[in-house]
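Text of final-v8.json (JSON, C-alpha atoms) as supplied:
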[["chain", "number", "residue", "atom", "x", "y", "z"],
["A", 1, "MET", "CA", 11.30, 24.87, -13.61],
["A", 2, "ALA", "CA", 14.09, 24.92, -11.07],
["A", 3, "ILE", "CA", 13.32, 24.56, -7.39],
["A", 4, "SER", "CA", 15.05, 26.87, -4.93],
["A", 5, "LYS", "CA", 17.39, 25.36, -2.34],
["A", 6, "ASP", "CA", 15.07, 26.41, 0.47],
["A", 7, "LYS", "CA", 12.14, 24.61, -1.16],
["A", 8, "LYS", "CA", 14.32, 21.52, -1.73],
["A", 9, "ARG", "CA", 15.31, 21.52, 1.95],
["A", 10, "ALA", "CA", 11.65, 21.83, 2.95],
["A", 11, "ILE", "CA", 10.67, 18.90, 0.70],
["A", 12, "ILE", "CA", 13.50, 16.74, 2.05],
["A", 13, "ALA", "CA", 12.54, 17.62, 5.64],
["A", 14, "LYS", "CA", 8.89, 16.75, 4.95],
["A", 15, "LEU", "CA", 9.84, 13.42, 3.40],
["A", 16, "GLU", "CA", 12.32, 12.57, 6.18],
["A", 17, "SER", "CA", 9.74, 13.18, 8.89],
["A", 18, "ALA", "CA", 7.11, 11.21, 6.98],
["A", 19, "PHE", "CA", 9.46, 8.28, 6.35],
["A", 20, "SER", "CA", 10.58, 8.17, 9.98],
["A", 21, "GLU", "CA", 6.95, 7.77, 11.13],
["A", 22, "ALA", "CA", 5.78, 5.54, 8.25],
["A", 23, "SER", "CA", 5.00, 1.87, 8.81],
["A", 24, "SER", "CA", 5.36, 1.21, 5.06],
["A", 25, "ILE", "CA", 6.21, 3.17, 1.94],
["A", 26, "ALA", "CA", 5.34, 2.53, -1.72],
["A", 27, "PHE", "CA", 7.18, 4.09, -4.66],
["A", 28, "VAL", "CA", 4.73, 4.86, -7.45],
["A", 29, "GLY", "CA", 5.49, 5.43, -11.11],
["A", 30, "PHE", "CA", 2.89, 7.43, -12.98],
["A", 31, "THR", "CA", 2.35, 8.45, -16.60],
["A", 32, "ARG", "CA", -0.60, 10.08, -18.36],
["A", 33, "LEU", "CA", -2.32, 10.75, -15.05],
["A", 34, "THR", "CA", -4.78, 13.64, -15.30],
["A", 35, "VAL", "CA", -5.37, 16.12, -12.51],
["A", 36, "ALA", "CA", -8.91, 14.80, -11.99],
["A", 37, "GLN", "CA", -7.65, 11.22, -11.69],
["A", 38, "SER", "CA", -4.86, 12.30, -9.34],
["A", 39, "SER", "CA", -7.29, 14.22, -7.13],
["A", 40, "LYS", "CA", -9.70, 11.30, -6.98],
["A", 41, "MET", "CA", -6.87, 8.91, -6.10],
["A", 42, "ARG", "CA", -5.54, 11.21, -3.38],
["A", 43, "LYS", "CA", -9.02, 11.40, -1.80],
["A", 44, "GLU", "CA", -9.41, 7.62, -1.86],
["A", 45, "LEU", "CA", -5.95, 7.10, -0.40],
["A", 46, "ALA", "CA", -6.54, 9.75, 2.27],
["A", 47, "SER", "CA", -9.73, 8.00, 3.35],
["A", 48, "ALA", "CA", -7.59, 4.88, 3.93],
["A", 49, "GLY", "CA", -5.04, 6.91, 5.94],
["A", 50, "VAL", "CA", -2.44, 7.01, 3.15],
["A", 51, "GLN", "CA", -0.43, 10.10, 2.25],
["A", 52, "PHE", "CA", 0.62, 10.65, -1.40],
["A", 53, "PHE", "CA", 3.37, 13.05, -2.43],
["A", 54, "VAL", "CA", 5.13, 13.75, -5.73],
["A", 55, "ALA", "CA", 8.79, 14.78, -5.56],
["A", 56, "LYS", "CA", 11.95, 14.59, -7.59],
["A", 57, "LYS", "CA", 13.79, 11.27, -7.42],
["A", 58, "THR", "CA", 16.96, 12.88, -6.12],
["A", 59, "LEU", "CA", 15.08, 14.47, -3.22],
["A", 60, "ILE", "CA", 13.33, 11.18, -2.41],
["A", 61, "LYS", "CA", 16.67, 9.35, -2.41],
["A", 62, "LYS", "CA", 18.26, 12.00, -0.15],
["A", 63, "ALA", "CA", 15.36, 11.68, 2.30],
["A", 64, "LEU", "CA", 15.71, 7.89, 2.27],
["A", 65, "GLU", "CA", 19.41, 8.11, 3.13],
["A", 66, "LYS", "CA", 18.52, 9.30, 6.64],
["A", 67, "GLY", "CA", 16.50, 6.13, 7.34],
["A", 68, "ALA", "CA", 18.23, 2.93, 8.42],
["A", 69, "TYR", "CA", 16.74, 0.67, 5.76],
["A", 70, "ALA", "CA", 18.25, -2.67, 4.77],
["A", 71, "GLY", "CA", 19.17, -3.21, 1.12],
["A", 72, "SER", "CA", 19.36, -0.68, -1.66],
["A", 73, "VAL", "CA", 16.80, 1.64, -3.19],
["A", 74, "PRO", "CA", 14.96, -0.08, -6.09],
["A", 75, "GLU", "CA", 15.22, 1.35, -9.59],
["A", 76, "LEU", "CA", 12.93, 4.37, -9.94],
["A", 77, "PRO", "CA", 12.42, 5.11, -13.65],
["A", 78, "GLY", "CA", 10.26, 7.96, -14.94],
["A", 79, "GLU", "CA", 8.07, 10.18, -12.80],
["A", 80, "VAL", "CA", 7.92, 9.05, -9.18],
["A", 81, "ALA", "CA", 5.59, 9.66, -6.26],
["A", 82, "VAL", "CA", 5.61, 8.26, -2.75],
["A", 83, "ALA", "CA", 2.69, 6.80, -0.79],
["A", 84, "TRP", "CA", 3.02, 6.04, 2.91],
["A", 85, "THR", "CA", 0.99, 5.36, 6.03],
["A", 86, "THR", "CA", 1.47, 5.04, 9.75],
["A", 87, "THR", "CA", -1.34, 2.53, 10.30],
["A", 88, "ASP", "CA", -2.14, -0.41, 7.97],
["A", 89, "VAL", "CA", 1.15, -1.57, 6.44],
["A", 90, "THR", "CA", -0.51, -2.88, 3.27],
["A", 91, "ALA", "CA", -2.67, 0.21, 2.63],
["A", 92, "PRO", "CA", -0.27, 2.26, 0.42],
["A", 93, "SER", "CA", 0.54, -0.61, -1.93],
["A", 94, "ARG", "CA", -3.04, -1.89, -2.00],
["A", 95, "GLY", "CA", -4.56, 1.56, -2.60],
["A", 96, "VAL", "CA", -2.24, 2.41, -5.47],
["A", 97, "TYR", "CA", -2.56, -1.08, -6.96],
["A", 98, "GLU", "CA", -6.38, -0.99, -6.90],
["A", 99, "PHE", "CA", -6.50, 2.48, -8.42],
["A", 100, "GLY", "CA", -3.87, 1.47, -11.00],
["A", 101, "LYS", "CA", -6.08, -1.42, -12.16],
["A", 102, "LYS", "CA", -8.83, 1.10, -12.93],
["A", 103, "LEU", "CA", -6.49, 3.35, -14.93],
["A", 104, "LYS", "CA", -4.89, 0.60, -17.05],
["A", 105, "GLY", "CA", -1.18, 1.36, -16.85],
["A", 106, "ALA", "CA", -1.16, 4.96, -15.65],
["A", 107, "LEU", "CA", 0.14, 3.87, -12.22],
["A", 108, "THR", "CA", 2.74, 1.22, -11.41],
["A", 109, "LEU", "CA", 4.32, 0.10, -8.18],
["A", 110, "LEU", "CA", 8.09, 0.46, -8.45],
["A", 111, "GLY", "CA", 9.05, -0.85, -5.03],
["A", 112, "GLY", "CA", 8.86, 0.28, -1.48],
["A", 113, "VAL", "CA", 9.92, -0.04, 2.13],
["A", 114, "PHE", "CA", 8.39, -2.81, 4.23],
["A", 115, "GLU", "CA", 9.57, -3.75, 7.73],
["A", 116, "GLN", "CA", 12.54, -1.35, 7.47],
["A", 117, "ALA", "CA", 13.88, -2.96, 4.27],
["A", 118, "PHE", "CA", 13.69, -1.97, 0.61],
["A", 119, "ILE", "CA", 11.58, -4.28, -1.55],
["A", 120, "ASP", "CA", 11.27, -4.53, -5.31],
["A", 121, "ALA", "CA", 8.18, -4.10, -7.49],
["A", 122, "GLY", "CA", 7.21, -7.79, -7.39],
["A", 123, "GLN", "CA", 7.23, -7.91, -3.60],
["A", 124, "THR", "CA", 5.26, -4.67, -3.45],
["A", 125, "VAL", "CA", 2.58, -6.10, -5.75],
["A", 126, "ALA", "CA", 2.46, -9.25, -3.59],
["A", 127, "ILE", "CA", 1.84, -7.07, -0.52],
["A", 128, "ALA", "CA", -0.80, -5.09, -2.44],
["A", 129, "THR", "CA", -2.83, -8.24, -3.07],
["A", 130, "ILE", "CA", -3.15, -9.07, 0.64],
["A", 131, "PRO", "CA", -6.74, -8.36, 1.72],
["A", 132, "PRO", "CA", -7.38, -5.64, 4.33],
["A", 133, "MET", "CA", -7.45, -6.60, 8.01],
["A", 134, "PRO", "CA", -11.28, -6.68, 8.41],
["A", 135, "VAL", "CA", -11.53, -9.10, 5.48],
["A", 136, "LEU", "CA", -8.78, -11.29, 6.94],
["A", 137, "ARG", "CA", -10.58, -11.36, 10.28],
["A", 138, "GLY", "CA", -13.80, -12.40, 8.54],
["A", 139, "MET", "CA", -11.98, -15.16, 6.68],
["A", 140, "PHE", "CA", -10.45, -16.37, 9.94],
["A", 141, "ALA", "CA", -13.82, -16.39, 11.70],
["A", 142, "THR", "CA", -15.32, -18.39, 8.84],
["A", 143, "ILE", "CA", -12.54, -20.96, 9.05],
["A", 144, "ILE", "CA", -12.87, -21.25, 12.82],
["A", 145, "ASN", "CA", -16.66, -21.56, 12.64],
["A", 146, "SER", "CA", -16.69, -24.05, 9.74],
["A", 147, "PRO", "CA", -16.31, -27.29, 11.77],
["A", 148, "ARG", "CA", -19.08, -26.22, 14.14],
["A", 149, "SER", "CA", -21.49, -25.41, 11.33],
["A", 150, "ARG", "CA", -20.71, -28.68, 9.55],
["A", 151, "PHE", "CA", -21.30, -30.59, 12.78],
["A", 152, "ALA", "CA", -24.62, -28.80, 13.30],
["A", 153, "ILE", "CA", -25.70, -29.63, 9.75],
["A", 154, "ALA", "CA", -24.74, -33.29, 10.25],
["A", 155, "LEU", "CA", -26.72, -33.44, 13.52],
["A", 156, "ALA", "CA", -29.73, -31.89, 11.81],
["A", 157, "GLU", "CA", -29.61, -34.51, 9.05],
["A", 158, "VAL", "CA", -29.33, -37.32, 11.61],
["A", 159, "ALA", "CA", -32.29, -35.87, 13.52],
["A", 160, "LYS", "CA", -34.36, -35.82, 10.30],
["A", 161, "THR", "CA", -33.66, -39.49, 9.63],
["A", 162, "LYS", "CA", -34.39, -40.52, 13.24],
["A", 163, "THR", "CA", -37.74, -38.68, 13.42],
["A", 164, "ALA", "CA", -38.93, -39.71, 9.99]]
So, in terms of structure tokens, how does the structure I just supplied come out?
Amino acid sequence: MAISKDKKRAIIAKLESAFSEASSIAFVGFTRLTVAQSSKMRKELASAGVQFFVAKKTLIKKALEKGAYAGSVPELPGEVAVAWTTTDVTAPSRGVYEFGKKLKGALTLLGGVFEQAFIDAGQTVAIATIPPMPVLRGMFATIINSPRSRFAIALAEVAKTKTA
């Protein structure tokens, strides 16, 4: 079904404004995705602050032309959607990647925009596997606290041998 020029302009304007505010963008390929699965994924992504939008590739590329991104747009085969956020830069890639693991091949990361540069699918998957910020903070706190806890354990063992 053909889209009217007015509707195309509205889609391009929506994408341009979203891309100008986005901290990162993920291009998502999807096949055999049911409406129920799509709705569930959109709700999960929205709870993480990620927007998800399906548009024609030509309209996405026209909207991307307005942005000053380094490099060239990655190859976008098949049906394409866009996921973006203005907060956590890893959230779009991570959210789609995690949901894609559940659906076994229905979703794939095709590339994206990270730090104002286009990245390919491999780099997008690498970003998707970075843990969320609260988990990273917990890991950091554990590493910082590790020498202290080891020292306390060693002192406790020495105290046991001295009192016994």
Write out as a tab-separated table the residues of stretch 7-62 of chain A that have any atom within 12 Å of an atom of stretch 119-136 of chain A, one row each with the nearest atom pair and its distance in Å to one decimal, counting all atoms listed in the file, sorted by chain and then rising number.
residue	atom	partner	partner_atom	distance
A:Ser24	CA	A:Thr124	CA	10.3
A:Ile25	CA	A:Thr124	CA	9.6
A:Ala26	CA	A:Thr124	CA	7.4
A:Phe27	CA	A:Ala121	CA	8.7
A:Val28	CA	A:Ala121	CA	9.6
A:Gly29	CA	A:Ala121	CA	10.5
A:Ala48	CA	A:Pro132	CA	10.5
Let me know the centre plus edge lengths, in Å and rounded to one decimal, of a box with edges along x, y and z that contains all listed atoms of stretch 32-48 of chain A and is padded by 5 Å on every side, as AutoDock Vina command-line options.
--center_x -5.2 --center_y 10.5 --center_z -7.2 --size_x 19.1 --size_y 21.2 --size_z 32.3
query = Which residues, written as a PyMOL selection string, have at least one atom at most 9 Å from stretch 80-88 of chain A, with all atoms listed in the file counted and residues fewer than 5 positions away on the same chain left out?
reply = chain A and resi 18-19+21-30+45+48-57+60+93+96+110+112+132-133
Expressed in Å, the length from atom CA of A:Thr108 to atom CA of A:Ala36 is 17.9 Å
Here atom CA of A:Arg42 and atom CA of A:Glu98 stand apart by 12.7 Å
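Minimum atom-to-atom distances from A:Lys14, A:Lys61, A:Arg148, A:Arg94 to A:Pro74 were compared using all atoms listed in the file, and the lowest value belongs to A:Lys61.
With distances restricted to all atoms listed in the file, A:Thr31 is the closest residue to A:Gly78 from A:Ser149, A:Ser17, A:Thr31, A:Ser4.
Atom pair atom CA of A:Lys7 / atom CA of A:Leu59: separated by 10.8 Å.
Candidate residues A:Ala159, A:Ile143, A:Leu107, A:Phe114 were compared for distance to A:Gln37, and the nearest is A:Leu107, using only C-alpha atoms.
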